[in-house]
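Data first, discussion second: the structure below is written as structure tokens.
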Amino acid sequence: MADVRPLRALHYDLAVVGSLNVVCAPPYDVIDDDQRAALAARSPHNVVRIDLPAPEMPGGDPYEHAAELLARWQAEGAVVRDAEPALWVLTQEYADPDGARRTRSGFFARVRVTDYGPGAIRPHERTHPGPRADRLRLTRATRANLSPIFSLYDDPAGAAWSALEPVTATAPWGALEAEDGTVSRLWRVDDPAAIEAACAALGPAELLIADGHHRYETARVYADEVGGEGEHRYVLQYLVALEDPGLTVFPTHRLVDGLRDDPDRRAALAATLREQFEIEELEDVADLAPPDGTGPLQLGYIDAEAQQPLRLTLKDQALADGALAAFPEPYRRLDTAVLEALILSGPLGLSEDDISHLRGLGYSRSDEEALELVRSGAYDAAFFLRATPVEQIREIAATGVNMPPKSTFFTPKVPTGLLFSPLA
């Protein structure tokens with residue numbers, strides 16, 4: 001059962017910092033060095049300074065600097081803490097790839113940290129070790145959740161959202177517009193009846209982590225390190241119903257290198273593609289991303305040598321079933337798992353450790369970026385994937401098996417800097 005509670009949030013004082021537009025940022029794991037510099041230049045209080053910290057002096061500790069900055073912002077009154085607990089509603093209006101406008105709705109709460117398992121909380125992807133260590137050091141230093149975990153819950157009757165939705169008819173507490181046109185609006189809900197109804201609706205729910213696996217695993221480790229009871233036993237989460245009409249998932253494409261200088265690997269890959277896939281030459285690179293849907297695995301493929309866009313269709317599901325015989329049936333139909341088993345771990349010879357540490361493998365969340373990385377020679381080839389349907393994510397999570405890393409890309413991302421949750 002999910003133990004969902006309101007929180008006495010830390011948040012910016014907009015009268016001091018100006019607006020959420022200058023202090024919020026995307027999640028740390030999608031920010032490159034240039035974007036970090038641009039965000040930091042927006043405001044001396046931009047959240048990137050603490051969530052993706054840099055040392056104040058060369059050779060200094062970036063995590064301790066983040067803690068010092070957060071304490072300084074509170075002393076200045078730029079960041080304040082609520083006197084009473086509340087839930088916070090967040091809606092995000094965005095454009096899907098077809099240009100249609102959608103709105104995803106959810107709310108922030110603190111949720112008790114438990115071990116993964118049925119009836120509690122489930123992951124859906126394997127994680128990388130580097131980000132886990134980074135987030136743990138940051139949590140130890142700041143003693144706060146600086147960015148939320150994004151989780152999904154099942155609520156066919158819509159009880160939780162029905163209790164909170166009325167607040168959206170009022171002026172939001174704050175709003176921001178991202179460069180891609182996504183508009184996020186935030187409301188504070190302090191009505192005890194609404195809070196009780198929303199939390200009670202999630203009481204019997206099982207939560208599924210959509211984004212933030214590294215942060216959740218960090219929260220588990222940190223809670224046990226501190227020990228005993230207290231705010232450290234809870235973690236900040238953004239909760240969205242699986243039934244929400246604005247919930248969408250997009251793919252993350254795979255990029256590989258190490259082919260140009262290894263003719264044996266190139267030959268092995270070519271042989272596997274001929275043996276296991278129907279191969280169709282495409283006239284336009286715009287068609288590399290296969291259409292969403294179920295059925296046999298379909299991939300877009302292009303390499304830096306031939307630069308001929310191809311559509312690959314798995315000849316027989318039995319090939320995937322054989323390669324993944326040790327896994328449950330829903331997992332054997334997962335595009336990223338089949339790609340990993342038949343190609344990445346097959347002719348390309350990548351081990352699970354290689355995949356975990358990104359040796360010979362990269363990721364891209366956009367068709368344009370993946371294509372450019374191959375054309376520029378940064379990578380030798382790219383595999384373009386379909387989006388994983390939400391129902392398939394649920395089926396696989398229910399088996400207790402985690403998907404390969406980056407099997408899903410939920411969009412829009414939840415901005416960092418809307419709220420912080422103190423752990424002490």
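Note on naming: chains are A, B, ... as they come in the structure tokens, residues start from 1 per chain, ligands start from 1 in the order shown.
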Please identify every residue of segment 307-391 of chain A that has at least one atom no farther than 12 Å from an atom of segment 81-98 of chain A, counting only C-alpha atoms, and for each give the shortest atom pair and the distance in Å to one decimal, arranged by chain then increasing number, as JSON lines.
{"residue": "A:Ser366", "atom": "CA", "partner": "A:Pro97", "partner_atom": "CA", "distance": 10.5}
{"residue": "A:Asp367", "atom": "CA", "partner": "A:Pro97", "partner_atom": "CA", "distance": 11.0}
{"residue": "A:Ala387", "atom": "CA", "partner": "A:Pro97", "partner_atom": "CA", "distance": 11.9}
Take the residues just selected and output them with N, CA, C and O atoms as a CSV table (one decimal), in the first residue's frame.
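Written out: part_10.csv:
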chain,number,residue,atom,x,y,z
A,366,SER,N,15.7,12.0,-29.6
A,366,SER,CA,15.1,12.6,-30.8
A,366,SER,C,15.6,12.0,-32.0
A,366,SER,O,16.8,11.6,-32.1
A,367,ASP,N,14.7,11.9,-33.0
A,367,ASP,CA,15.1,11.4,-34.3
A,367,ASP,C,16.3,12.2,-34.9
A,367,ASP,O,17.2,11.7,-35.5
A,387,ALA,N,7.8,3.8,-29.5
A,387,ALA,CA,7.5,4.0,-28.1
A,387,ALA,C,6.9,2.8,-27.4
A,387,ALA,O,6.2,2.0,-28.1
Inset, instruction - Can you pull out every residue within 12 Å of Phe277 of chain A, counting only C-alpha atoms, but drop anything in the same chain fewer than 6 positions away, and send it as a ChimeraX atom specification? - result: /A:269-271,296-301,310-317,319-320,339,342-343
Inset, instruction - Between A:Glu76, A:Glu231, A:Glu217, A:Asp155, single out the one closest to Leu136 of chain A, counting only C-alpha atoms. - result: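 Between A:Glu76, A:Glu231, A:Glu217, A:Asp155, the residue approaching Leu136 of chain A most closely is A:Glu217.
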Legend entry - Minimum-distance residue to Pro291 of chain A, chosen among A:Asp303, A:Tyr331, A:Leu242, A:Arg386 (using only C-alpha atoms):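 Selected residue with least distance to Pro291 of chain A: A:Arg386.
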Inset, instruction - Once DSSP has gone over the backbone, tell me which residues of segment 144-276 of chain A are in strand (DSSP E), as a ChimeraX atom specification. - result: /A:144-145,149-153,174-177,183-189,207-211,234-241,248-250,253-256
